[in-house]
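Shown below: start33.csv, with CSV, C-alpha atoms and all ligand atoms.
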```csv
chain,number,residue,atom,x,y,z
A,1,MET,CA,64.8,64.0,14.8
A,2,TYR,CA,62.4,62.4,12.3
A,3,TYR,CA,59.6,60.2,13.6
A,4,PRO,CA,57.2,58.1,11.5
A,5,ALA,CA,53.6,59.0,12.3
A,6,LYS,CA,50.0,58.3,11.3
A,7,ILE,CA,46.9,60.4,11.0
A,8,THR,CA,44.4,59.2,13.6
A,9,GLY,CA,41.8,62.0,13.4
A,10,SER,CA,40.7,64.5,10.9
A,11,GLU,CA,38.0,67.2,11.3
A,12,LYS,CA,36.9,70.2,9.4
A,13,LEU,CA,36.6,72.9,12.0
A,14,SER,CA,35.4,75.8,9.8
A,15,LYS,CA,35.5,76.9,6.2
A,16,THR,CA,39.3,77.4,6.3
A,17,LEU,CA,40.6,75.4,9.4
A,18,TYR,CA,41.1,71.7,9.8
A,19,LEU,CA,42.1,69.7,12.9
A,20,LYS,CA,44.5,66.8,12.5
A,21,ARG,CA,45.4,64.3,15.2
A,22,ILE,CA,48.7,62.6,14.5
A,23,LYS,CA,50.0,59.5,16.4
A,24,ILE,CA,53.8,59.5,16.6
A,25,LEU,CA,54.9,55.9,16.1
A,26,SER,CA,58.0,56.0,18.4
A,27,ASP,CA,58.5,56.0,22.1
A,28,GLY,CA,61.4,58.5,21.9
A,29,ILE,CA,59.4,61.7,21.5
A,30,LYS,CA,59.5,64.1,24.5
A,31,GLU,CA,56.5,66.2,25.5
A,32,PRO,CA,56.8,69.7,23.9
A,33,LEU,CA,56.7,73.0,25.7
A,34,PRO,CA,54.0,75.4,24.8
A,35,PHE,CA,54.8,77.2,21.5
A,36,GLN,CA,57.3,74.6,20.4
A,37,PHE,CA,56.5,73.5,16.8
A,38,LEU,CA,57.0,70.5,14.5
A,39,LEU,CA,57.8,70.0,10.9
A,40,ALA,CA,55.2,67.8,9.2
A,41,TRP,CA,56.6,65.9,6.2
A,42,VAL,CA,53.9,64.9,3.7
A,43,PRO,CA,55.7,62.3,1.6
A,44,GLY,CA,56.6,63.6,-1.9
A,45,VAL,CA,55.0,67.0,-1.2
A,46,ASP,CA,56.5,69.4,1.4
A,47,LEU,CA,57.8,70.0,5.0
A,48,LEU,CA,55.3,72.2,6.9
A,49,PRO,CA,56.0,74.0,10.2
A,50,MET,CA,53.0,73.5,12.5
A,51,SER,CA,52.2,74.8,16.0
A,52,VAL,CA,51.3,72.2,18.6
A,53,ALA,CA,47.6,72.6,19.5
A,54,ASP,CA,47.7,69.6,21.9
A,55,PHE,CA,49.9,66.7,22.9
A,56,SER,CA,49.1,63.7,25.0
A,57,ASN,CA,50.5,60.1,25.0
A,58,GLY,CA,52.5,60.5,21.8
A,59,GLU,CA,49.5,62.0,19.9
A,60,VAL,CA,49.8,65.6,18.7
A,61,ALA,CA,47.0,67.8,17.4
A,62,ILE,CA,47.6,70.5,14.8
A,63,ILE,CA,45.4,73.0,13.2
A,64,VAL,CA,45.9,73.4,9.4
A,65,LYS,CA,44.9,76.3,7.3
A,66,GLU,CA,44.8,75.8,3.5
A,67,ARG,CA,47.6,78.0,2.1
A,68,GLY,CA,49.2,76.1,-0.7
A,69,GLU,CA,50.0,72.7,-2.2
A,70,GLY,CA,51.6,71.4,1.0
A,71,SER,CA,48.8,72.3,3.4
A,72,ARG,CA,46.2,71.0,0.9
A,73,ALA,CA,48.0,67.6,0.8
A,74,LEU,CA,48.1,67.5,4.6
A,75,ILE,CA,44.4,68.4,4.8
A,76,ARG,CA,43.5,65.6,2.3
A,77,LEU,CA,45.5,63.0,4.3
A,78,HIS,CA,42.8,61.3,6.4
A,79,SER,CA,44.4,58.1,7.5
A,80,GLY,CA,47.8,57.9,5.9
A,81,PHE,CA,51.4,58.0,7.1
A,82,LEU,CA,53.6,61.0,7.3
A,83,GLY,CA,56.8,62.1,9.0
A,84,VAL,CA,57.1,64.4,12.0
A,85,MET,CA,60.3,66.2,13.0
A,86,GLY,CA,60.6,68.1,16.2
A,87,PHE,CA,59.8,69.5,18.5
A,88,TYR,CA,61.6,72.8,17.7
A,89,GLY,CA,62.0,76.2,19.2
A,90,ALA,CA,62.7,77.3,22.7
A,91,GLY,CA,59.0,77.3,23.7
A,92,PHE,CA,57.6,79.6,26.3
A,93,LYS,CA,56.6,78.8,29.9
A,94,PRO,CA,55.0,82.0,31.3
A,95,TRP,CA,54.2,80.4,34.6
A,96,SER,CA,55.3,83.5,36.7
A,97,TYR,CA,52.3,85.4,35.5
A,98,LYS,CA,48.8,85.4,37.0
A,99,ARG,CA,46.5,85.7,34.1
A,100,ILE,CA,47.3,85.7,30.4
A,101,LEU,CA,45.4,87.3,27.5
A,102,PHE,CA,46.1,85.4,24.3
A,103,ILE,CA,45.2,87.4,21.2
A,104,ALA,CA,44.9,85.3,18.1
A,105,GLY,CA,44.3,86.1,14.4
A,106,GLY,CA,43.0,83.3,12.2
A,107,SER,CA,45.0,80.1,12.5
A,108,GLY,CA,47.2,81.8,15.0
A,109,ILE,CA,44.8,80.4,17.6
A,110,ALA,CA,46.5,76.9,17.2
A,111,PRO,CA,49.0,77.1,20.2
A,112,PHE,CA,46.3,78.6,22.5
A,113,PHE,CA,44.8,75.3,23.4
A,114,TYR,CA,48.0,73.6,24.5
A,115,LEU,CA,49.2,76.7,26.3
A,116,ALA,CA,45.8,76.9,28.2
A,117,ARG,CA,46.0,73.3,29.4
A,118,LYS,CA,49.6,73.5,30.5
A,119,ALA,CA,49.0,76.9,32.1
A,120,CYS,CA,46.1,75.5,34.1
A,121,GLU,CA,48.3,72.8,35.5
A,122,GLU,CA,50.6,75.5,36.7
A,123,GLY,CA,47.8,77.6,38.3
A,124,VAL,CA,47.8,80.3,35.6
A,125,SER,CA,44.6,81.4,33.8
A,126,VAL,CA,44.5,82.1,30.1
A,127,ASP,CA,41.7,84.1,28.3
A,128,LEU,CA,41.3,84.4,24.5
A,129,VAL,CA,40.6,87.2,22.1
A,130,TRP,CA,40.2,85.5,18.6
A,131,GLY,CA,39.7,87.5,15.5
A,132,VAL,CA,39.0,86.3,11.9
A,133,ARG,CA,38.2,88.0,8.7
A,134,GLY,CA,34.9,86.3,8.0
A,135,GLY,CA,32.4,84.5,10.3
A,136,ASP,CA,32.7,81.3,8.2
A,137,GLU,CA,36.3,80.9,9.5
A,138,LEU,CA,35.0,80.6,13.1
A,139,PHE,CA,34.5,77.4,15.2
A,140,ASN,CA,33.7,77.2,18.9
A,141,PRO,CA,37.1,77.4,20.7
A,142,ARG,CA,35.5,75.7,23.7
A,143,SER,CA,35.1,72.5,21.6
A,144,LEU,CA,38.9,72.1,21.7
A,145,LEU,CA,39.6,73.5,25.1
A,146,ASN,CA,40.5,71.0,27.8
A,147,THR,CA,37.8,70.6,30.5
A,148,VAL,CA,40.3,71.9,33.1
A,149,ASN,CA,40.1,75.4,31.6
A,150,LYS,CA,36.8,76.2,33.2
A,151,ASP,CA,37.5,79.9,33.9
A,152,THR,CA,38.8,80.8,30.4
A,153,GLU,CA,36.9,83.7,29.0
A,154,ILE,CA,36.6,84.0,25.2
A,155,TYR,CA,36.1,87.1,23.1
A,156,ILE,CA,35.4,86.9,19.4
A,157,ALA,CA,35.9,89.5,16.6
A,158,THR,CA,35.0,89.4,13.0
A,159,GLU,CA,36.1,91.8,10.3
A,160,ASP,CA,32.9,91.2,8.3
A,161,CYS,CA,30.9,91.9,11.4
A,162,SER,CA,29.0,88.7,11.2
A,163,ALA,CA,29.7,87.6,14.8
A,164,GLY,CA,31.0,89.1,18.0
A,165,TYR,CA,32.8,92.4,18.0
A,166,CYS,CA,32.9,94.1,14.6
A,167,GLY,CA,36.5,94.8,13.8
A,168,ARG,CA,40.0,93.4,14.3
A,169,ALA,CA,41.3,91.3,17.2
A,170,SER,CA,43.8,94.0,18.2
A,171,MET,CA,41.0,96.6,18.6
A,172,LEU,CA,38.8,94.2,20.6
A,173,ALA,CA,41.7,93.3,22.9
A,174,SER,CA,42.5,97.0,23.5
A,175,ARG,CA,38.9,97.5,24.4
A,176,VAL,CA,38.6,94.6,26.9
A,177,ILE,CA,42.0,95.5,28.5
A,178,HIS,CA,41.0,99.1,29.0
A,179,GLU,CA,37.6,98.0,30.4
A,180,ASN,CA,39.3,95.5,32.9
A,181,PRO,CA,42.3,97.3,34.2
A,182,GLY,CA,44.7,95.1,36.2
A,183,LYS,CA,43.1,91.9,35.0
A,184,TRP,CA,45.9,90.6,32.9
A,185,ASP,CA,49.7,90.8,33.5
A,186,LEU,CA,50.8,89.2,30.2
A,187,VAL,CA,49.6,89.4,26.6
A,188,ILE,CA,50.7,87.0,23.9
A,189,ALA,CA,49.7,87.7,20.3
A,190,SER,CA,49.7,85.0,17.7
A,191,GLY,CA,48.9,85.3,14.0
A,192,PRO,CA,49.8,87.5,11.0
A,193,GLN,CA,52.6,90.0,11.3
A,194,GLY,CA,50.2,92.9,11.0
A,195,LEU,CA,48.3,91.7,14.0
A,196,LEU,CA,51.5,91.3,16.0
A,197,ARG,CA,52.6,94.8,15.0
A,198,GLU,CA,49.2,96.3,16.0
A,199,VAL,CA,49.1,94.6,19.4
A,200,CYS,CA,52.6,95.8,20.2
A,201,SER,CA,51.7,99.3,19.3
A,202,LEU,CA,48.1,99.6,20.5
A,203,LEU,CA,48.8,98.1,23.9
A,204,SER,CA,52.2,99.7,24.6
A,205,ASP,CA,50.7,102.1,27.1
A,206,THR,CA,48.9,99.4,29.2
A,207,GLY,CA,51.9,98.4,31.4
A,208,ILE,CA,51.2,94.8,30.6
A,209,GLU,CA,54.1,92.6,29.4
A,210,LEU,CA,53.7,92.1,25.6
A,211,TYR,CA,55.0,89.1,23.7
A,212,VAL,CA,54.3,87.8,20.2
A,213,ASN,CA,54.4,84.3,18.6
A,214,THR,CA,56.3,84.9,15.3
A,215,GLU,CA,56.1,83.2,11.9
A,216,THR,CA,58.7,83.2,9.2
A,217,LEU,CA,60.4,80.8,6.8
A,218,VAL,CA,61.6,77.7,8.6
A,219,LYS,CA,63.7,75.0,6.9
A,220,CYS,CA,66.1,73.1,9.1
A,221,GLY,CA,64.5,73.9,12.5
A,222,VAL,CA,67.7,73.5,14.4
A,223,GLY,CA,69.5,76.9,13.9
A,224,ALA,CA,71.8,75.7,11.1
A,225,CYS,CA,70.4,77.3,7.8
A,226,GLY,CA,69.7,80.9,8.9
A,227,SER,CA,66.4,81.0,6.9
A,228,CYS,CA,64.3,81.9,10.0
A,229,VAL,CA,66.4,84.9,11.1
A,230,LEU,CA,64.2,87.8,12.3
A,231,LYS,CA,66.0,90.6,10.3
A,232,PRO,CA,67.4,93.0,11.4
A,233,HIS,CA,67.8,91.2,14.7
A,234,PRO,CA,70.4,88.4,15.2
A,235,LEU,CA,67.6,86.1,16.4
A,236,LEU,CA,66.5,82.8,15.0
A,237,LEU,CA,62.9,81.8,15.3
A,238,CYS,CA,63.7,78.1,15.5
A,239,LYS,CA,66.4,78.6,18.2
A,240,HIS,CA,65.4,81.6,20.3
A,241,GLY,CA,61.6,81.7,19.6
A,242,PRO,CA,59.1,81.6,18.3
A,243,VAL,CA,57.9,83.8,21.1
A,244,PHE,CA,59.6,87.1,21.7
A,245,ARG,CA,59.0,90.3,23.7
A,246,CYS,CA,57.6,93.1,21.4
A,247,ARG,CA,60.4,95.5,22.3
A,248,ASP,CA,63.1,92.9,21.4
A,249,ILE,CA,62.0,92.5,17.7
A,250,GLU,CA,60.7,96.0,16.9
A,251,GLY,CA,62.6,96.1,13.6
A,252,PHE,CA,61.3,92.8,12.4
A,253,LEU,CA,57.7,93.7,13.2
A,254,LYS,CA,58.1,97.1,11.3
A,255,GLY,CA,59.4,95.3,8.3
A,256,GLY,CA,56.4,93.0,7.8
B,1,LIG,S1,65.1,77.1,10.3
B,1,LIG,FE1,66.0,78.3,11.8
B,1,LIG,S2,68.1,78.3,11.3
B,1,LIG,FE2,67.2,76.9,9.9
```

Written as structure tokens, that's how I'd like the structure from this file.
Amino acid sequence: MYYPAKITGSEKLSKTLYLKRIKILSDGIKEPLPFQFLLAWVPGVDLLPMSVADFSNGEVAIIVKERGEGSRALIRLHSGFLGVMGFYGAGFKPWSYKRILFIAGGSGIAPFFYLARKACEEGVSVDLVWGVRGGDELFNPRSLLNTVNKDTEIYIATEDCSAGYCGRASMLASRVIHENPGKWDLVIASGPQGLLREVCSLLSDTGIELYVNTETLVKCGVGACGSCVLKPHPLLLCKHGPVFRCRDIEGFLKGG
């Protein structure tokens, strides 16, 4: 389903990440589930799959990282019109867990904010480990966290050692989990495939349920084109995901 939409807010969060608020100019759109995603159509340029960072009253927030012509065009769009298609994917409602540790790499942090708000409404707490390559990619995650998320704990890692823990997000997550046994009963990792692979492998002995938010090529968003299949598994990101249990997509994670 395609909806006309308008940029209503635009903010540079860090050297590489931008926040866009988009008002969907239609009453027909349903509230997304956490981890569902949209396709943003920048007229004449590209269709871009984007995670939902927040949604309220028909306005959706996304976090854009500059990766190519399409994302550059979206970042440059400060007040214009665009198209939004969605929301796609099965989403993920982990409301049977007590406390979730969300491990993000770079722009993989985007779905954390919406998950945290919806989880709080369900009485579930969510903490964050966020890792970036360089400190100039960081912004303060609390600036986008809903005020209801008072008990959320945030751990930062930088690979250039300029802030927080010196190293990768997976290593910091392993450390905090081993220092706080029994604190979390679910881990969700989100970001580059290398991070997802490391989290699944490093934390496999913790006894915590491990899930990952996957990324791959998305074209139709509705299970018709096959471009988002997680080879060698017969699973489509846009239909069955994007969140999967580590052990269900081992072959895909090894291939990245
Ligand atoms: S994008 Fe998933 S099948 Fe087309």

For segment 89-95 of chain A: contacts at 6 Å, only C-alpha atoms, fewer than 4 positions along chain excluded, given as a ChimeraX atom specification: /A:33-36,238-241

Test item: residues no farther than 8 Å from ligand LIG 1 (chain B), counting all atoms listed in the file, as number ranges by chain: A: 217-229, 236-239

Residues near segment 122-137 of chain A, cut-off 8 Å, all atoms listed in the file, skip fewer than 6 positions along chain, as a PyMOL selection string: chain A and resi 14-17+95+97-106+109+112+116+149+151-163+168-169+172-173

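The gap separating atom CA of Val64 of chain A from atom CA of Leu82 of chain A is 14.7 Å, in Å to one decimal.
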
Point-to-point distance from atom CA of His78 of chain A to atom CA of Lys30 of chain A, Å rounded to tenths: 24.8 Å

Spatial neighbours of Gly9 of chain A, max dist 8 Å, all atoms listed in the file, sep filter under 6 positions, as number ranges by chain: A: 19-22, 78-79

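If you look at atom CA of Ile249 of chain A and atom CA of Glu215 of chain A, they are 12.4 Å away from each other.
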
Of the listed residues A:Phe244, A:Phe87, A:Tyr2, A:Tyr18, that which approaches Thr214 of chain A most closely, counting only C-alpha atoms: A:Phe244

Cut-off 10 Å around (50.8, 60.0, 7.3) with all atoms listed in the file: residues as a PyMOL selection string: chain A and resi 4-8+22-24+40-43+74+77-84

Among listed residues A:Cys246, A:Val176, A:Ile63, A:Leu48, nearest Phe139 of chain A (using all atoms listed in the file):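 Closest candidate: A:Ile63.
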
Nearest-residue call for Gln193 of chain A, choices A:Phe252, A:Tyr165, A:Phe37, A:Tyr211, using all atoms listed in the file: A:Phe252

Closest of A:Gly207, A:Gly68, A:Pro32, A:Pro232 to Asp46 of chain A - atom-to-atom distances counting only C-alpha atoms: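 Residue with the minimum atom-to-atom distance to Asp46 of chain A: A:Gly68.
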
Selected residue, from A:Ser10, A:Thr206, A:Ser51, A:Ser143, that lies nearest to Pro242 of chain A when counting only C-alpha atoms: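 Among A:Ser10, A:Thr206, A:Ser51, A:Ser143, it is A:Ser51 that comes nearest to Pro242 of chain A.
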
Tell me which protein, DNA and RNA residues are within 6 Å of Leu38 of chain A, counting all atoms listed in the file, leaving out same-chain ones fewer than 5 positions away, and put them as a PDB file with C-alpha atoms, in the frame of the given file.
```pdb
ATOM      1  CA  PRO A  49      56.000  74.000  10.200  1.00  0.00           C
ATOM      2  CA  MET A  50      53.000  73.500  12.500  1.00  0.00           C
ATOM      3  CA  MET A  85      60.300  66.200  13.000  1.00  0.00           C
ATOM      4  CA  GLY A  86      60.600  68.100  16.200  1.00  0.00           C
ATOM      5  CA  PHE A  87      59.800  69.500  18.500  1.00  0.00           C
TER       6      PHE A  87
END
```
